[in-house]
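Q: After the structure tokens below, expect a handful of questions from me.
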Amino acid sequence: MKPPPFSYHDPRTTADVVGLLTSLDNAKLLAGGQSLMPMLNMRYVLPDHVIDLNRVDGLSYIREQNGALEIGAMTRQRDIEFSDLVRERCPLMHEAIEQVGHRQTRNRGTLGGSLCHLDPSAELVSCAAALDATVSVTGRNGARSIDFAAFPVAYMTPAVELDELLTGVTFPCWPAGHGYAFVEFSRRHGDFAIVSAAVLIEEDSNGKVTRASVTLGGMGPAPVRASEVEKALIGETIAEKRLREICEVLRKVDAVDDIHAPASYRQQLATVLPRRALLKAHERIAAGARS
Amino acid sequence: MSETRKIALTVNGTRYEETVPVRVTLADFIRHQLGLTGTHLGCEHGVCGACTILLDGRSARSCLMLAVQADGHEILTVEGIAPSADKLHPLQEAFRDNHGLQCGFCTPGILTTLIEFLRDNPDPTEQEVRIAISGNLCRCTGYQNIVIAALDAAKRLRTDDGRRTAENR
């Protein structure tokens, strides 16, 4: 047997999950299992209790509310991939999710699992940062919301307390006709990205940028919002030469060195991928205006 | 020493009621407890795709699930693909005819993956096939004949005859 011994719990309600989290020591929540199961198989984690969320009611949904998409924590990545609502209202997430792992892992993997695992290069984590998402958690003291900017507290560590579980995420939608692109560089399709860029822009009728969101994934422990670039883009017309100048500042973003790439390589990608994404986003606005 | 649970599930149309240690993966349960060794284990941490099975019709890596999680569900393994003991599924025939396998270790995972893929996308492009099997590692073929076999299988399954054979199982 690969995983270490543990007690298994499969509660049916979030209240029961909170009860178990409150009463048990060294418990781990099992969502889609696409990260926790490998870690159990390799015995990187040794929990005394595994609390399986797969039979908990009411954590899987995709709905639109007040101009935002609300997605349940246990919604499978596959359901997000094939959701017409996501494709229409949040096309950035649709483009991102096609780059998350493979069909076999998206069939099981969940939104909440991905956010709580908080892999530095995870596509859904970058989407949450790019869209200024709000994360809903429930614990012993009731429910609370966390702005995504405050969600990552350290490497692979979310701001979720030991007695809390993530229940859902709210992604504010951008207006129809906005430009978007999720571009990543990885060794093979479906691999972890070395660096990724998530971009959203709005342009006025003269083609000048009025609003921009630029996010880099894979550089450090959490996605980085390139606020300097976002500001510099306002009032600009998207053109390759000018983007080269604007994005050059991203070479200074802190980056990790690891076996996949040295920091300088990531910083090079940080200047290139947002530029490509911005051009793609701009082309999409133009194509939308033509049709 | 190890906590156990009783589970009931259907595998390849057969109903099983079994007692399993809660920490056993679905892959080990299928191989060791049910004796269905067609499901192969390569990496055991969700990278190679050899252990892919269909859970309620959706492909999943059986090394990344606990057997207890399959309680109440329906599973299809490579043993359940062929319509009968002496007849191959059109997908299997296409793999045989196009040399879509060499050592055959990765083949069960590729077949189960393609069963789901060709059901959802009966007329795929070569690029779509390559993306569909991107989660399955093959160290022999260079993928070329796998892709050819998958496209040939799609063609066979689009004919009435092929569809009938596939549905017969």
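Numbering starts fresh at 1 for the residues of each chain in the structure tokens, the chains themselves are lettered A, B, ... in the order given, and ligands are numbered from 1 as they appear.
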Excluding A:Ile238 and any residue of its chain fewer than 6 positions from it, enumerate the residues within 10 Å of it, using only C-alpha atoms, and give them as a ChimeraX atom specification.
A: /A:203,207-209,275,278-279,281-283
Q: Residues of the last selection are to be written out with C-alpha atoms, as a short mmCIF file (atom, residue, chain, number, x, y, z; two decimals), in the first residue's frame.
A:
data_model
loop_
_atom_site.label_atom_id
_atom_site.label_comp_id
_atom_site.auth_asym_id
_atom_site.auth_seq_id
_atom_site.Cartn_x
_atom_site.Cartn_y
_atom_site.Cartn_z
CA GLU A 203 -10.40 49.61 -24.74
CA GLY A 207 -8.62 51.70 -29.25
CA LYS A 208 -7.03 53.20 -26.14
CA VAL A 209 -6.72 50.96 -23.09
CA ARG A 275 3.33 41.05 -24.37
CA LEU A 278 -1.77 41.59 -24.52
CA LEU A 279 -1.47 41.36 -28.30
CA ALA A 281 -6.29 40.20 -26.02
CA HIS A 282 -6.18 43.26 -28.28
CA GLU A 283 -6.76 41.15 -31.40
#
Q: For chain B, which residues have at least one atom within 7 Å of chain A, if we go by only C-alpha atoms? Write them as a tab-separated table (two decimals) with C-alpha atoms, in the first residue's frame, please.
A:
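Result file is selection_5.tsv:
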chain	number	residue	atom	x	y	z
B	2	SER	CA	-5.44	-0.57	8.93
B	3	GLU	CA	-9.00	0.83	9.07
B	22	VAL	CA	-9.36	2.81	3.53
B	23	ARG	CA	-5.87	3.76	2.41
B	24	VAL	CA	-5.79	1.43	-0.61
B	45	HIS	CA	1.57	9.50	-8.72
B	46	GLY	CA	-0.62	10.65	-11.56
B	58	ARG	CA	-15.26	9.78	-17.23
B	59	SER	CA	-11.56	9.01	-17.45
B	60	ALA	CA	-9.64	9.18	-14.18
B	61	ARG	CA	-6.28	8.05	-12.90
B	64	LEU	CA	-5.15	9.08	-7.57
B	65	MET	CA	-8.35	7.75	-6.03
B	132	ALA	CA	-6.25	14.00	-25.70
B	134	SER	CA	-1.00	14.12	-23.73
B	135	GLY	CA	-1.62	12.69	-20.26
Q: Mind checking which residues fall within 7 Å of B:Val147, counting only C-alpha atoms, ignoring those fewer than 3 positions away in the same chain, and posting them as a short mmCIF file (atom, residue, chain, number, x, y, z; two decimals) with N, CA and C atoms, in the first residue's frame?
A:
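Output saved as around_36.cif:
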data_model
loop_
_atom_site.label_atom_id
_atom_site.label_comp_id
_atom_site.auth_asym_id
_atom_site.auth_seq_id
_atom_site.Cartn_x
_atom_site.Cartn_y
_atom_site.Cartn_z
N GLU B 126 -5.97 15.51 -35.91
CA GLU B 126 -4.77 14.88 -35.36
C GLU B 126 -4.30 15.63 -34.12
N VAL B 129 -6.30 14.72 -31.11
CA VAL B 129 -5.92 13.40 -30.58
C VAL B 129 -4.64 13.53 -29.75
N ARG B 130 -3.68 14.29 -30.27
CA ARG B 130 -2.41 14.44 -29.54
C ARG B 130 -2.63 15.09 -28.18
N TYR B 143 4.51 7.72 -30.31
CA TYR B 143 3.12 8.17 -30.42
C TYR B 143 2.55 8.14 -31.83
N GLN B 144 3.42 8.03 -32.84
CA GLN B 144 2.94 8.18 -34.20
C GLN B 144 1.83 7.18 -34.53
N ALA B 150 -5.75 5.91 -33.39
CA ALA B 150 -6.90 6.64 -32.81
C ALA B 150 -7.75 7.25 -33.91
N LEU B 151 -7.09 7.83 -34.92
CA LEU B 151 -7.85 8.44 -36.02
C LEU B 151 -8.59 7.35 -36.82
#
Q: Taking 6 positions as the minimum chain separation for residues in the same chain, which residues sit within 12 Å of B:Arg163 when counting only C-alpha atoms? Answer as a short mmCIF file (atom, residue, chain, number, x, y, z; two decimals) with C-alpha atoms, in the first residue's frame.
A:
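In the end it all went to around13.cif:
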data_model
loop_
_atom_site.label_atom_id
_atom_site.label_comp_id
_atom_site.auth_asym_id
_atom_site.auth_seq_id
_atom_site.Cartn_x
_atom_site.Cartn_y
_atom_site.Cartn_z
CA PRO B 83 -17.82 -6.65 -26.63
CA HIS B 89 -13.73 -3.31 -29.80
CA PRO B 90 -13.17 -1.26 -33.00
CA LEU B 91 -10.66 0.85 -31.04
CA LEU B 118 -13.95 9.47 -29.12
CA ARG B 119 -17.36 9.30 -27.48
CA PRO B 122 -16.24 11.35 -32.84
CA ALA B 153 -10.68 4.02 -34.73
CA ALA B 154 -12.66 7.25 -34.97
CA LYS B 155 -13.36 6.45 -38.62
CA ARG B 156 -14.44 2.88 -37.80
CA LEU B 157 -16.67 4.08 -34.96
CA ARG B 169 -20.50 -4.81 -24.91
#
Q: From a backbone DSSP assignment, name each residue in chain B labelled strand (DSSP E or B), as JSON, numbers by chain.
A: {"B": [4, 5, 6, 7, 8, 9, 10, 11, 14, 15, 16, 17, 18, 19, 20, 21, 25, 52, 53, 54, 55, 58, 59, 60, 61, 66, 74, 75, 76, 84, 87]}
Q: Include N, CA and C atoms and write out the residues we just selected as a short mmCIF file (atom, residue, chain, number, x, y, z; two decimals), in the first residue's frame.
A:
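Writing the result to part11.cif gives the following:
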data_model
loop_
_atom_site.label_atom_id
_atom_site.label_comp_id
_atom_site.auth_asym_id
_atom_site.auth_seq_id
_atom_site.Cartn_x
_atom_site.Cartn_y
_atom_site.Cartn_z
N THR B 4 -10.70 -0.41 7.85
CA THR B 4 -11.33 -0.94 6.62
C THR B 4 -12.76 -0.44 6.49
N ARG B 5 -13.31 -0.62 5.29
CA ARG B 5 -14.70 -0.26 5.01
C ARG B 5 -15.28 -1.24 4.02
N LYS B 6 -16.58 -1.38 4.07
CA LYS B 6 -17.27 -2.19 3.07
C LYS B 6 -17.69 -1.28 1.93
N ILE B 7 -17.41 -1.70 0.70
CA ILE B 7 -17.86 -0.90 -0.44
C ILE B 7 -18.60 -1.80 -1.44
N ALA B 8 -19.49 -1.18 -2.20
CA ALA B 8 -20.20 -1.90 -3.27
C ALA B 8 -20.04 -1.09 -4.54
N LEU B 9 -19.58 -1.72 -5.60
CA LEU B 9 -19.40 -1.00 -6.85
C LEU B 9 -19.55 -1.95 -8.04
N THR B 10 -19.69 -1.37 -9.21
CA THR B 10 -19.81 -2.18 -10.43
C THR B 10 -18.55 -1.99 -11.25
N VAL B 11 -17.91 -3.11 -11.61
CA VAL B 11 -16.71 -3.03 -12.46
C VAL B 11 -16.96 -3.88 -13.70
N THR B 14 -19.97 -6.06 -13.64
CA THR B 14 -20.14 -7.02 -12.55
C THR B 14 -20.19 -6.28 -11.21
N ARG B 15 -21.15 -6.68 -10.38
CA ARG B 15 -21.29 -6.02 -9.09
C ARG B 15 -20.38 -6.70 -8.06
N TYR B 16 -19.65 -5.89 -7.32
CA TYR B 16 -18.77 -6.41 -6.27
C TYR B 16 -19.12 -5.79 -4.93
N GLU B 17 -19.10 -6.58 -3.88
CA GLU B 17 -19.17 -6.05 -2.52
C GLU B 17 -17.92 -6.52 -1.82
N GLU B 18 -17.10 -5.58 -1.40
CA GLU B 18 -15.78 -5.93 -0.88
C GLU B 18 -15.48 -5.12 0.38
N THR B 19 -14.61 -5.66 1.19
CA THR B 19 -14.08 -4.91 2.34
C THR B 19 -12.66 -4.47 1.98
N VAL B 20 -12.40 -3.16 2.11
CA VAL B 20 -11.07 -2.65 1.71
C VAL B 20 -10.46 -1.80 2.82
N PRO B 21 -9.14 -1.88 2.98
CA PRO B 21 -8.46 -0.90 3.84
C PRO B 21 -8.69 0.48 3.23
N THR B 25 -5.40 2.45 -2.78
CA THR B 25 -5.82 3.20 -3.96
C THR B 25 -6.77 2.34 -4.80
N THR B 52 -5.28 4.68 -16.11
CA THR B 52 -6.55 5.35 -16.40
C THR B 52 -7.70 4.35 -16.51
N ILE B 53 -8.78 4.63 -15.81
CA ILE B 53 -10.02 3.85 -15.90
C ILE B 53 -11.15 4.84 -16.18
N LEU B 54 -12.35 4.35 -16.45
CA LEU B 54 -13.48 5.25 -16.57
C LEU B 54 -14.33 5.12 -15.31
N LEU B 55 -14.59 6.24 -14.66
CA LEU B 55 -15.43 6.28 -13.47
C LEU B 55 -16.73 6.95 -13.90
N ARG B 58 -16.28 8.74 -17.10
CA ARG B 58 -15.26 9.78 -17.23
C ARG B 58 -13.89 9.22 -16.88
N SER B 59 -12.90 9.55 -17.70
CA SER B 59 -11.56 9.01 -17.45
C SER B 59 -10.98 9.59 -16.17
N ALA B 60 -10.29 8.74 -15.42
CA ALA B 60 -9.64 9.18 -14.18
C ALA B 60 -8.44 8.28 -13.94
N ARG B 61 -7.46 8.84 -13.25
CA ARG B 61 -6.28 8.05 -12.90
C ARG B 61 -6.61 7.27 -11.63
N LEU B 66 -8.92 6.79 -3.90
CA LEU B 66 -8.98 5.71 -2.93
C LEU B 66 -10.09 4.76 -3.36
N GLU B 74 -19.66 3.28 -10.90
CA GLU B 74 -19.48 2.29 -11.96
C GLU B 74 -18.12 2.50 -12.62
N ILE B 75 -17.38 1.41 -12.74
CA ILE B 75 -16.02 1.53 -13.28
C ILE B 75 -15.87 0.65 -14.53
N LEU B 76 -15.14 1.19 -15.50
CA LEU B 76 -14.80 0.41 -16.68
C LEU B 76 -13.28 0.34 -16.78
N SER B 84 -17.03 -8.95 -26.45
CA SER B 84 -17.11 -10.33 -25.96
C SER B 84 -15.70 -10.92 -25.91
N LYS B 87 -14.20 -11.14 -29.44
CA LYS B 87 -14.37 -10.02 -30.37
C LYS B 87 -13.75 -8.76 -29.77
#
Q: Residues within 8 Å of A:Val253, please, as a ChimeraX atom specification. Count only C-alpha atoms; anything in the same chain fewer than 3 positions from it doesn't count.
A: /A:219,249-250,267,270
Q: Extract the full set of alpha helix (DSSP H) residues from stretch 41-222 of chain A according to DSSP on the backbone, and format it as a ChimeraX atom specification.
A: /A:41,77-81,84-89,91-97,103-106,111-117,123-130
Q: Need the shell around A:Leu162: protein/DNA/RNA residues with any atom at most 12 Å away, counting only C-alpha atoms. Skip same-chain ones fewer than 6 positions apart. Format as a list in words?
A: Val17, Val18, Gly19, Leu20, Leu21, Thr22, Ser23, Leu24, Asp25, Asn26, Ala27, Lys28, Leu29, Val137, Thr138, Gly139, Arg140 and Asn141 of chain A
Q: At what distance in Å, to one decimal, does atom CA of A:Thr134 lie from atom CA of A:Asp147?
A: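 Those two atoms sit 4.7 Å apart.
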Q: Rounded to one decimal in Å, what is the spacing between atom CA of A:Arg284 and atom CA of A:Gly179?
A: 5.7 Å
Q: Smallest atom-to-atom distance to B:Thr141: which of B:Leu114, B:Leu101, B:Leu34, B:Cys63, using only C-alpha atoms?
A: B:Leu101
Q: Tell me, in Å to one decimal, how far atom CA of A:Pro223 is from atom CA of A:Trp174.
A: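 That distance, rounded to one decimal, is 19.7 Å.
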Q: For A:Ser196, find every residue with an atom within 12 Å (counting only C-alpha atoms), except residues of its own chain fewer than 3 positions away, and show them as a PyMOL selection string.
A: chain A and resi 96+99-100+120-127+130+181-186+191-193+199+214-220+222-225+266-277
